[in-house]
>>> print(open('query-v3.csv').read())   # CSV, C-alpha atoms and all ligand atoms
chain,number,residue,atom,x,y,z
F,1,MET,CA,67.8,81.3,81.5
F,2,TYR,CA,70.6,79.5,83.4
F,3,ASP,CA,69.9,76.6,85.7
F,4,SER,CA,71.8,77.8,88.8
F,5,THR,CA,71.5,74.4,90.5
F,6,VAL,CA,73.6,72.9,87.8
F,7,LEU,CA,76.0,75.8,87.6
F,8,ASP,CA,76.6,75.7,91.3
F,9,ALA,CA,77.7,72.1,91.0
F,10,ILE,CA,80.5,73.0,88.6
F,11,ASP,CA,83.9,73.6,90.1
F,12,PRO,CA,85.5,76.5,88.2
F,13,ARG,CA,88.9,74.8,88.2
F,14,ASP,CA,87.4,71.6,86.7
F,15,LEU,CA,85.7,73.8,84.1
F,16,ARG,CA,89.0,75.6,83.2
F,17,ASP,CA,90.9,72.3,83.2
F,18,CYS,CA,88.3,70.5,81.0
F,19,CYS,CA,88.1,73.4,78.5
F,20,GLY,CA,91.9,73.5,78.5
F,21,ARG,CA,91.9,70.0,76.9
F,22,PHE,CA,90.5,71.8,73.8
F,23,ALA,CA,93.6,72.7,71.8
F,24,THR,CA,93.6,76.2,70.4
F,25,GLY,CA,95.8,78.6,68.6
F,26,VAL,CA,97.1,81.7,70.4
F,27,ASN,CA,96.3,85.3,69.5
F,28,VAL,CA,97.4,88.7,70.7
F,29,ILE,CA,94.4,91.1,70.7
F,30,THR,CA,95.5,94.7,70.1
F,31,THR,CA,93.8,98.1,70.2
F,32,ARG,CA,94.6,101.8,70.4
F,33,THR,CA,93.2,104.5,72.7
F,34,ASP,CA,94.3,108.1,73.6
F,35,GLU,CA,96.3,106.4,76.4
F,36,GLY,CA,98.3,104.4,73.9
F,37,ASP,CA,98.6,100.9,72.4
F,38,HIS,CA,97.6,97.8,74.3
F,39,GLY,CA,97.9,94.1,73.7
F,40,MET,CA,96.5,91.0,75.4
F,41,THR,CA,97.1,87.3,74.8
F,42,ALA,CA,93.9,85.5,74.0
F,43,SER,CA,92.9,82.0,73.0
F,44,ALA,CA,89.1,82.6,73.2
F,45,PHE,CA,88.5,83.5,69.5
F,46,MET,CA,86.2,82.1,66.9
F,47,SER,CA,85.1,82.8,63.4
F,48,VAL,CA,81.4,83.4,63.4
F,49,SER,CA,80.1,84.3,60.0
F,50,LEU,CA,81.4,84.7,56.4
F,51,ASP,CA,78.5,86.9,55.2
F,52,PRO,CA,78.5,89.3,56.9
F,53,PRO,CA,82.2,88.7,58.0
F,54,LEU,CA,82.0,88.4,61.8
F,55,ILE,CA,84.4,87.1,64.4
F,56,CYS,CA,84.2,86.9,68.2
F,57,ILE,CA,86.6,87.3,71.1
F,58,SER,CA,86.0,86.9,74.8
F,59,VAL,CA,87.6,89.4,77.3
F,60,SER,CA,87.7,89.0,81.0
F,61,ARG,CA,86.0,91.7,83.1
F,62,SER,CA,89.2,92.0,85.0
F,63,ALA,CA,91.4,92.6,82.0
F,64,ASN,CA,92.7,96.1,81.2
F,65,MET,CA,91.8,95.4,77.6
F,66,LEU,CA,88.1,95.5,78.4
F,67,ASP,CA,87.8,99.3,78.8
F,68,LYS,CA,90.3,99.9,76.0
F,69,ILE,CA,88.2,98.0,73.4
F,70,ARG,CA,85.0,99.6,74.7
F,71,GLU,CA,86.7,103.0,74.2
F,72,SER,CA,88.3,102.4,70.8
F,73,GLY,CA,85.4,100.3,69.3
F,74,ARG,CA,88.0,98.3,67.3
F,75,TYR,CA,90.5,95.5,67.7
F,76,ALA,CA,93.0,93.5,65.8
F,77,VAL,CA,93.5,89.7,66.2
F,78,ASN,CA,97.2,88.9,65.7
F,79,VAL,CA,97.4,85.1,65.2
F,80,LEU,CA,100.8,84.0,66.6
F,81,PRO,CA,103.2,81.7,64.8
F,82,GLU,CA,105.2,79.1,66.7
F,83,GLY,CA,108.2,81.3,67.0
F,84,MET,CA,106.3,84.0,68.9
F,85,ARG,CA,105.8,82.2,72.2
F,86,GLY,CA,107.6,85.1,73.9
F,87,HIS,CA,104.9,87.4,72.7
F,88,ALA,CA,102.2,85.2,74.1
F,89,LEU,CA,103.9,85.3,77.5
F,90,HIS,CA,104.6,89.0,77.3
F,91,PHE,CA,101.0,89.9,76.5
F,92,ALA,CA,99.7,87.6,79.3
F,93,GLY,CA,101.8,89.6,81.8
F,94,ARG,CA,104.4,86.9,82.1
F,95,GLY,CA,107.2,88.4,79.9
F,96,ASP,CA,110.9,88.5,80.7
F,97,GLY,CA,111.1,92.2,79.9
F,98,THR,CA,113.0,91.8,76.7
F,99,LEU,CA,110.2,92.8,74.3
F,100,THR,CA,110.2,96.5,73.7
F,101,GLU,CA,108.3,98.5,71.0
F,102,PRO,CA,106.7,95.4,69.6
F,103,PHE,CA,104.1,97.1,67.5
F,104,GLN,CA,103.7,98.5,63.9
F,105,SER,CA,100.8,100.6,62.8
F,106,ARG,CA,98.3,99.2,60.3
F,107,HIS,CA,94.9,100.7,59.5
F,108,GLY,CA,95.1,102.9,62.6
F,109,LEU,CA,95.7,100.0,65.0
F,110,PRO,CA,98.9,98.5,66.6
F,111,VAL,CA,99.8,95.1,65.0
F,112,LEU,CA,102.6,92.6,65.6
F,113,PRO,CA,105.0,92.2,62.7
F,114,GLY,CA,105.6,88.5,62.1
F,115,ALA,CA,102.0,87.4,62.9
F,116,ALA,CA,100.7,84.3,61.0
F,117,ALA,CA,97.5,86.2,60.3
F,118,LEU,CA,95.9,89.6,61.0
F,119,ILE,CA,92.2,90.2,61.3
F,120,ILE,CA,91.0,93.8,62.0
F,121,ALA,CA,87.5,94.3,63.2
F,122,ASP,CA,85.1,97.0,64.4
F,123,VAL,CA,83.0,96.1,67.4
F,124,ALA,CA,79.5,95.2,66.2
F,125,GLU,CA,78.1,94.0,69.4
F,126,GLN,CA,79.1,93.4,73.1
F,127,ILE,CA,77.5,90.5,74.9
F,128,GLU,CA,77.6,90.1,78.7
F,129,ALA,CA,78.7,86.6,79.4
F,130,GLY,CA,79.3,86.0,83.2
F,131,ASP,CA,82.8,87.1,84.1
F,132,HIS,CA,83.7,87.8,80.4
F,133,ILE,CA,82.4,90.1,77.7
F,134,LEU,CA,82.1,88.8,74.1
F,135,PHE,CA,83.0,91.2,71.4
F,136,LEU,CA,81.4,90.4,68.1
F,137,GLY,CA,83.5,92.1,65.5
F,138,HIS,CA,82.8,93.1,61.9
F,139,VAL,CA,85.9,92.3,59.9
F,140,ARG,CA,87.4,95.2,57.9
F,141,HIS,CA,90.9,94.2,57.0
F,142,LEU,CA,92.8,90.8,56.5
F,143,ASP,CA,96.3,89.7,56.0
F,144,ARG,CA,98.1,86.3,56.4
F,145,ASP,CA,101.4,84.5,56.0
F,146,PRO,CA,100.5,81.1,54.4
F,147,ALA,CA,103.9,79.7,55.3
F,148,ALA,CA,103.6,80.3,59.0
F,149,SER,CA,103.4,77.4,61.4
F,150,PRO,CA,100.9,78.0,64.3
F,151,LEU,CA,101.6,78.4,68.0
F,152,LEU,CA,99.3,76.0,69.9
F,153,TYR,CA,98.0,76.0,73.5
F,154,HIS,CA,96.8,72.8,75.3
F,155,ALA,CA,96.4,72.0,79.0
F,156,GLY,CA,98.4,75.0,80.0
F,157,GLN,CA,101.3,74.3,77.7
F,158,PHE,CA,102.5,76.0,74.5
F,159,GLY,CA,103.4,73.8,71.5
F,160,GLY,CA,103.5,73.4,67.8
F,161,LEU,CA,102.3,71.0,65.2
F,162,ALA,CA,104.0,67.6,65.4
F,163,ALA,CA,104.5,67.5,61.6
F,164,PRO,CA,104.3,70.4,59.1
F,165,ALA,CA,100.7,70.9,57.9
F,166,SER,CA,100.0,69.4,54.5
F,167,THR,CA,97.4,70.7,52.1
R,201,LIG,C1,97.3,81.1,76.3
R,201,LIG,C2,96.5,82.2,77.0
R,201,LIG,C3,95.3,82.5,76.6
R,201,LIG,C4,94.5,83.5,77.2
R,201,LIG,N1,93.2,83.8,76.7
R,201,LIG,C5,92.5,84.8,77.2
R,201,LIG,C6,91.3,85.2,76.7
R,201,LIG,O1,90.8,84.6,75.7
R,201,LIG,N2,90.6,86.2,77.2
R,201,LIG,C7,91.1,86.9,78.3
R,201,LIG,O2,90.4,87.8,78.8
R,201,LIG,N3,92.3,86.5,78.9
R,201,LIG,C8,93.0,85.5,78.3
R,201,LIG,N4,94.2,85.2,78.9
R,201,LIG,C9,94.7,86.0,80.0
R,201,LIG,C10,95.3,87.4,79.6
R,201,LIG,O3,96.2,87.3,78.6
R,201,LIG,C11,96.0,88.0,80.9
R,201,LIG,O4,95.1,88.1,81.9
R,201,LIG,C12,96.5,89.4,80.5
R,201,LIG,O5,97.5,89.7,81.5
R,201,LIG,C13,95.5,90.5,80.5
R,201,LIG,O6,96.1,91.7,80.1
R,201,LIG,P1,95.5,93.1,80.4
R,201,LIG,O7,94.8,93.0,81.8
R,201,LIG,O8,96.7,94.0,80.5
R,201,LIG,O9,94.6,93.5,79.3
R,201,LIG,C14,95.0,84.2,78.3
R,201,LIG,C15,96.3,83.9,78.7
R,201,LIG,C16,97.1,82.9,78.1
R,201,LIG,C17,98.5,82.7,78.6
>>> encode(input="query-v3.csv", output="structure tokens", more="lines below")
Ligand SMILES: Cc1cc2nc3c(=O)[nH]c(=O)nc-3n(C[C@H](O)[C@H](O)[C@H](O)COP(=O)(O)O)c2cc1C
Amino acid sequence: MYDSTVLDAIDPRDLRDCCGRFATGVNVITTRTDEGDHGMTASAFMSVSLDPPLICISVSRSANMLDKIRESGRYAVNVLPEGMRGHALHFAGRGDGTLTEPFQSRHGLPVLPGAAALIIADVAEQIEAGDHILFLGHVRHLDRDPAASPLLYHAGQFGGLAAPAST
């Protein structure tokens, strides 16, 4: 299926740097197991289908989150507003230790108060994708703050919109 000759010619750092030129929003993926609540910063998210309602996230094989989502079979996508840059760093393992007890409970999952949007999904399918696993999720619950301005990520830097979004 894959042409390994072409793949071998791609430097992973080049690939990461090129993909990093694609500006994204920033999410914290959360889930709950018997061991407790867990969150992980993630930009690899996309909406997939409206009918049925499907989304997708990509989780590294090396992330603690991987086994936790496999165990719980559910996850929440907490879309971060610009003011929650500290949460993005914290859940990427780069926090300054000031965030404690960040979660509330909604629909049996930990969620972040103040998120710009919340999407709760059951895992519908797991797709092996190299060093990541794609989790296709069937959306079960939604919430959003229409006034929130998004946190953005581009070329390894966090930022915000240059001007407020107009409708
Ligand atoms: C802006 C940003 C986006 C990230 N996106 C992802 C992602 O989509 N998937 C992923 O597996 N890791 C992603 N990471 C890395 C994880 O957040 C990081 O490895 C984290 O420490 C994993 O947590 P865990 O091992 O405790 O689950 C991202 C990090 C940052 C800063």
>>> residues_around(input="query-v3.csv", residues="Leu134 in chain F", least_positions_apart="5", cutoff="6 Å", atoms="only C-alpha atoms", output="PDB file with C-alpha atoms, keeping the file's coordinate frame")
ATOM      1  CA  ILE F  57      86.600  87.300  71.100  1.00  0.00           C
ATOM      2  CA  SER F  58      86.000  86.900  74.800  1.00  0.00           C
ATOM      3  CA  GLN F 126      79.100  93.400  73.100  1.00  0.00           C
ATOM      4  CA  ILE F 127      77.500  90.500  74.900  1.00  0.00           C
TER       5      ILE F 127
END
>>> closest_residue(input="query-v3.csv", among="F:Met65, F:Met84, F:Val48, F:Leu54", to="ligand LIG 201 (chain R)", atoms="only C-alpha atoms and all ligand atoms")
F:Met65
>>> closest_residue(input="query-v3.csv", among="F:Pro52, F:Gly93, F:Gly160, F:Gly114", to="Gly39 in chain F", atoms="all atoms listed in the file")
F:Gly93
>>> closest_residue(input="query-v3.csv", among="F:Ala23, F:Phe103, F:Gly36, F:Glu125", to="Asn78 in chain F", atoms="all atoms listed in the file")
F:Phe103
>>> residues_near_ligand(input="query-v3.csv", ligand="ligand LIG 201 (chain R)", cutoff="9 Å", atoms="all atoms listed in the file", output="PyMOL selection string")
chain F and resi 24-29+38-45+57-68+88-94+132-133+152-154+156-158
>>> closest_residue(input="query-v3.csv", among="F:Arg85, F:Arg106, F:Arg16, F:Arg140", to="Gly159 in chain F", atoms="all atoms listed in the file")
F:Arg85
>>> atom_distance(input="query-v3.csv", atom1="CA of Ala155 in chain F", atom2="CA of Arg21 in chain F")
5.4 Å
>>> atom_distance(input="query-v3.csv", atom1="CA of Gly97 in chain F", atom2="CA of Pro81 in chain F")
20.0 Å
>>> residues_around(input="query-v3.csv", residues="Leu99 in chain F", least_positions_apart="3", cutoff="8 Å", atoms="only C-alpha atoms", output="JSON, numbers by chain")
{"F": [87, 90, 95, 96, 102]}
>>> residues_around(input="query-v3.csv", residues="Leu50 in chain F", least_positions_apart="6", cutoff="12 Å", atoms="only C-alpha atoms", output="MDAnalysis selection string")
chainID F and resid 137:139
>>> closest_residue(input="query-v3.csv", among="F:Ser49, F:Thr31, F:Thr98, F:Ser105", to="Arg70 in chain F", atoms="all atoms listed in the file")
F:Thr31
>>> atom_distance(input="query-v3.csv", atom1="CA of Glu82 in chain F", atom2="CA of Ala148 in chain F")
8.0 Å
>>> residues_near_point(input="query-v3.csv", point="(102.1, 92.3, 61.1)", cutoff="10 Å", atoms="all atoms listed in the file", output="list in words")
Asn78, Val79, Phe103, Gln104, Ser105, Arg106, Pro110, Val111, Leu112, Pro113, Gly114, Ala115, Ala116, Ala117, Leu118, Asp143, Arg144 and Asp145 of chain F
>>> write_last_selection(input="query-v3.csv", atoms="C-alpha atoms", output="PDB file, keeping the file's coordinate frame")
ATOM      1  CA  ASN F  78      97.200  88.900  65.700  1.00  0.00           C
ATOM      2  CA  VAL F  79      97.400  85.100  65.200  1.00  0.00           C
ATOM      3  CA  PHE F 103     104.100  97.100  67.500  1.00  0.00           C
ATOM      4  CA  GLN F 104     103.700  98.500  63.900  1.00  0.00           C
ATOM      5  CA  SER F 105     100.800 100.600  62.800  1.00  0.00           C
ATOM      6  CA  ARG F 106      98.300  99.200  60.300  1.00  0.00           C
ATOM      7  CA  PRO F 110      98.900  98.500  66.600  1.00  0.00           C
ATOM      8  CA  VAL F 111      99.800  95.100  65.000  1.00  0.00           C
ATOM      9  CA  LEU F 112     102.600  92.600  65.600  1.00  0.00           C
ATOM     10  CA  PRO F 113     105.000  92.200  62.700  1.00  0.00           C
ATOM     11  CA  GLY F 114     105.600  88.500  62.100  1.00  0.00           C
ATOM     12  CA  ALA F 115     102.000  87.400  62.900  1.00  0.00           C
ATOM     13  CA  ALA F 116     100.700  84.300  61.000  1.00  0.00           C
ATOM     14  CA  ALA F 117      97.500  86.200  60.300  1.00  0.00           C
ATOM     15  CA  LEU F 118      95.900  89.600  61.000  1.00  0.00           C
ATOM     16  CA  ASP F 143      96.300  89.700  56.000  1.00  0.00           C
ATOM     17  CA  ARG F 144      98.100  86.300  56.400  1.00  0.00           C
ATOM     18  CA  ASP F 145     101.400  84.500  56.000  1.00  0.00           C
TER      19      ASP F 145
END
>>> build_atoms(input="query-v3.csv", residues="range 49-79 of chain F", atoms="N, CA and C atoms", output="JSON list (two decimals), in the frame of the given file")
[["chain", "number", "residue", "atom", "x", "y", "z"],
["F", 49, "SER", "N", 80.89, 84.22, 61.16],
["F", 49, "SER", "CA", 80.10, 84.30, 60.00],
["F", 49, "SER", "C", 80.93, 84.80, 58.79],
["F", 50, "LEU", "N", 80.66, 84.25, 57.61],
["F", 50, "LEU", "CA", 81.40, 84.70, 56.40],
["F", 50, "LEU", "C", 80.61, 85.87, 55.75],
["F", 51, "ASP", "N", 79.28, 85.84, 55.83],
["F", 51, "ASP", "CA", 78.50, 86.90, 55.20],
["F", 51, "ASP", "C", 77.31, 87.27, 56.10],
["F", 52, "PRO", "N", 77.43, 88.36, 56.84],
["F", 52, "PRO", "CA", 78.50, 89.30, 56.90],
["F", 52, "PRO", "C", 79.75, 88.71, 57.58],
["F", 53, "PRO", "N", 80.95, 89.28, 57.36],
["F", 53, "PRO", "CA", 82.20, 88.70, 58.00],
["F", 53, "PRO", "C", 82.26, 89.09, 59.45],
["F", 54, "LEU", "N", 82.03, 88.11, 60.32],
["F", 54, "LEU", "CA", 82.00, 88.40, 61.80],
["F", 54, "LEU", "C", 82.96, 87.40, 62.49],
["F", 55, "ILE", "N", 83.63, 87.93, 63.51],
["F", 55, "ILE", "CA", 84.40, 87.10, 64.40],
["F", 55, "ILE", "C", 84.02, 87.43, 65.83],
["F", 56, "CYS", "N", 84.55, 86.66, 66.80],
["F", 56, "CYS", "CA", 84.20, 86.90, 68.20],
["F", 56, "CYS", "C", 85.42, 86.66, 69.08],
["F", 57, "ILE", "N", 85.63, 87.52, 70.09],
["F", 57, "ILE", "CA", 86.60, 87.30, 71.10],
["F", 57, "ILE", "C", 85.96, 87.42, 72.47],
["F", 58, "SER", "N", 86.58, 86.83, 73.49],
["F", 58, "SER", "CA", 86.00, 86.90, 74.80],
["F", 58, "SER", "C", 87.07, 87.52, 75.76],
["F", 59, "VAL", "N", 86.69, 88.61, 76.42],
["F", 59, "VAL", "CA", 87.60, 89.40, 77.30],
["F", 59, "VAL", "C", 87.13, 89.38, 78.70],
["F", 60, "SER", "N", 88.02, 89.04, 79.60],
["F", 60, "SER", "CA", 87.70, 89.00, 81.00],
["F", 60, "SER", "C", 87.30, 90.39, 81.55],
["F", 61, "ARG", "N", 86.34, 90.40, 82.46],
["F", 61, "ARG", "CA", 86.00, 91.70, 83.10],
["F", 61, "ARG", "C", 87.15, 92.28, 83.84],
["F", 62, "SER", "N", 88.11, 91.45, 84.25],
["F", 62, "SER", "CA", 89.20, 92.00, 85.00],
["F", 62, "SER", "C", 90.39, 92.43, 84.16],
["F", 63, "ALA", "N", 90.29, 92.24, 82.84],
["F", 63, "ALA", "CA", 91.40, 92.60, 82.00],
["F", 63, "ALA", "C", 91.40, 94.12, 81.68],
["F", 64, "ASN", "N", 92.59, 94.71, 81.65],
["F", 64, "ASN", "CA", 92.70, 96.10, 81.20],
["F", 64, "ASN", "C", 92.16, 96.32, 79.84],
["F", 65, "MET", "N", 92.25, 95.26, 79.03],
["F", 65, "MET", "CA", 91.80, 95.40, 77.60],
["F", 65, "MET", "C", 90.33, 95.71, 77.52],
["F", 66, "LEU", "N", 89.54, 95.35, 78.52],
["F", 66, "LEU", "CA", 88.10, 95.50, 78.40],
["F", 66, "LEU", "C", 87.70, 96.99, 78.12],
["F", 67, "ASP", "N", 88.13, 97.89, 79.00],
["F", 67, "ASP", "CA", 87.80, 99.30, 78.80],
["F", 67, "ASP", "C", 88.39, 99.89, 77.56],
["F", 68, "LYS", "N", 89.56, 99.37, 77.20],
["F", 68, "LYS", "CA", 90.30, 99.90, 76.00],
["F", 68, "LYS", "C", 89.49, 99.58, 74.74],
["F", 69, "ILE", "N", 89.01, 98.34, 74.63],
["F", 69, "ILE", "CA", 88.20, 98.00, 73.40],
["F", 69, "ILE", "C", 86.92, 98.75, 73.42],
["F", 70, "ARG", "N", 86.31, 98.89, 74.61],
["F", 70, "ARG", "CA", 85.00, 99.60, 74.70],
["F", 70, "ARG", "C", 85.26, 101.07, 74.20],
["F", 71, "GLU", "N", 86.42, 101.63, 74.54],
["F", 71, "GLU", "CA", 86.70, 103.00, 74.20],
["F", 71, "GLU", "C", 87.01, 103.14, 72.66],
["F", 72, "SER", "N", 87.84, 102.23, 72.16],
["F", 72, "SER", "CA", 88.30, 102.40, 70.80],
["F", 72, "SER", "C", 87.22, 101.85, 69.79],
["F", 73, "GLY", "N", 86.44, 100.84, 70.22],
["F", 73, "GLY", "CA", 85.40, 100.30, 69.30],
["F", 73, "GLY", "C", 86.05, 99.43, 68.20],
["F", 74, "ARG", "N", 87.34, 99.11, 68.31],
["F", 74, "ARG", "CA", 88.00, 98.30, 67.30],
["F", 74, "ARG", "C", 89.06, 97.43, 67.90],
["F", 75, "TYR", "N", 89.37, 96.34, 67.22],
["F", 75, "TYR", "CA", 90.50, 95.50, 67.70],
["F", 75, "TYR", "C", 91.09, 94.74, 66.53],
["F", 76, "ALA", "N", 92.35, 94.31, 66.76],
["F", 76, "ALA", "CA", 93.00, 93.50, 65.80],
["F", 76, "ALA", "C", 93.35, 92.13, 66.46],
["F", 77, "VAL", "N", 93.12, 91.05, 65.72],
["F", 77, "VAL", "CA", 93.50, 89.70, 66.20],
["F", 77, "VAL", "C", 94.81, 89.36, 65.44],
["F", 78, "ASN", "N", 95.90, 89.26, 66.22],
["F", 78, "ASN", "CA", 97.20, 88.90, 65.70],
["F", 78, "ASN", "C", 97.41, 87.40, 65.99],
["F", 79, "VAL", "N", 97.28, 86.55, 64.97],
["F", 79, "VAL", "CA", 97.40, 85.10, 65.20],
["F", 79, "VAL", "C", 98.93, 84.78, 65.26]]
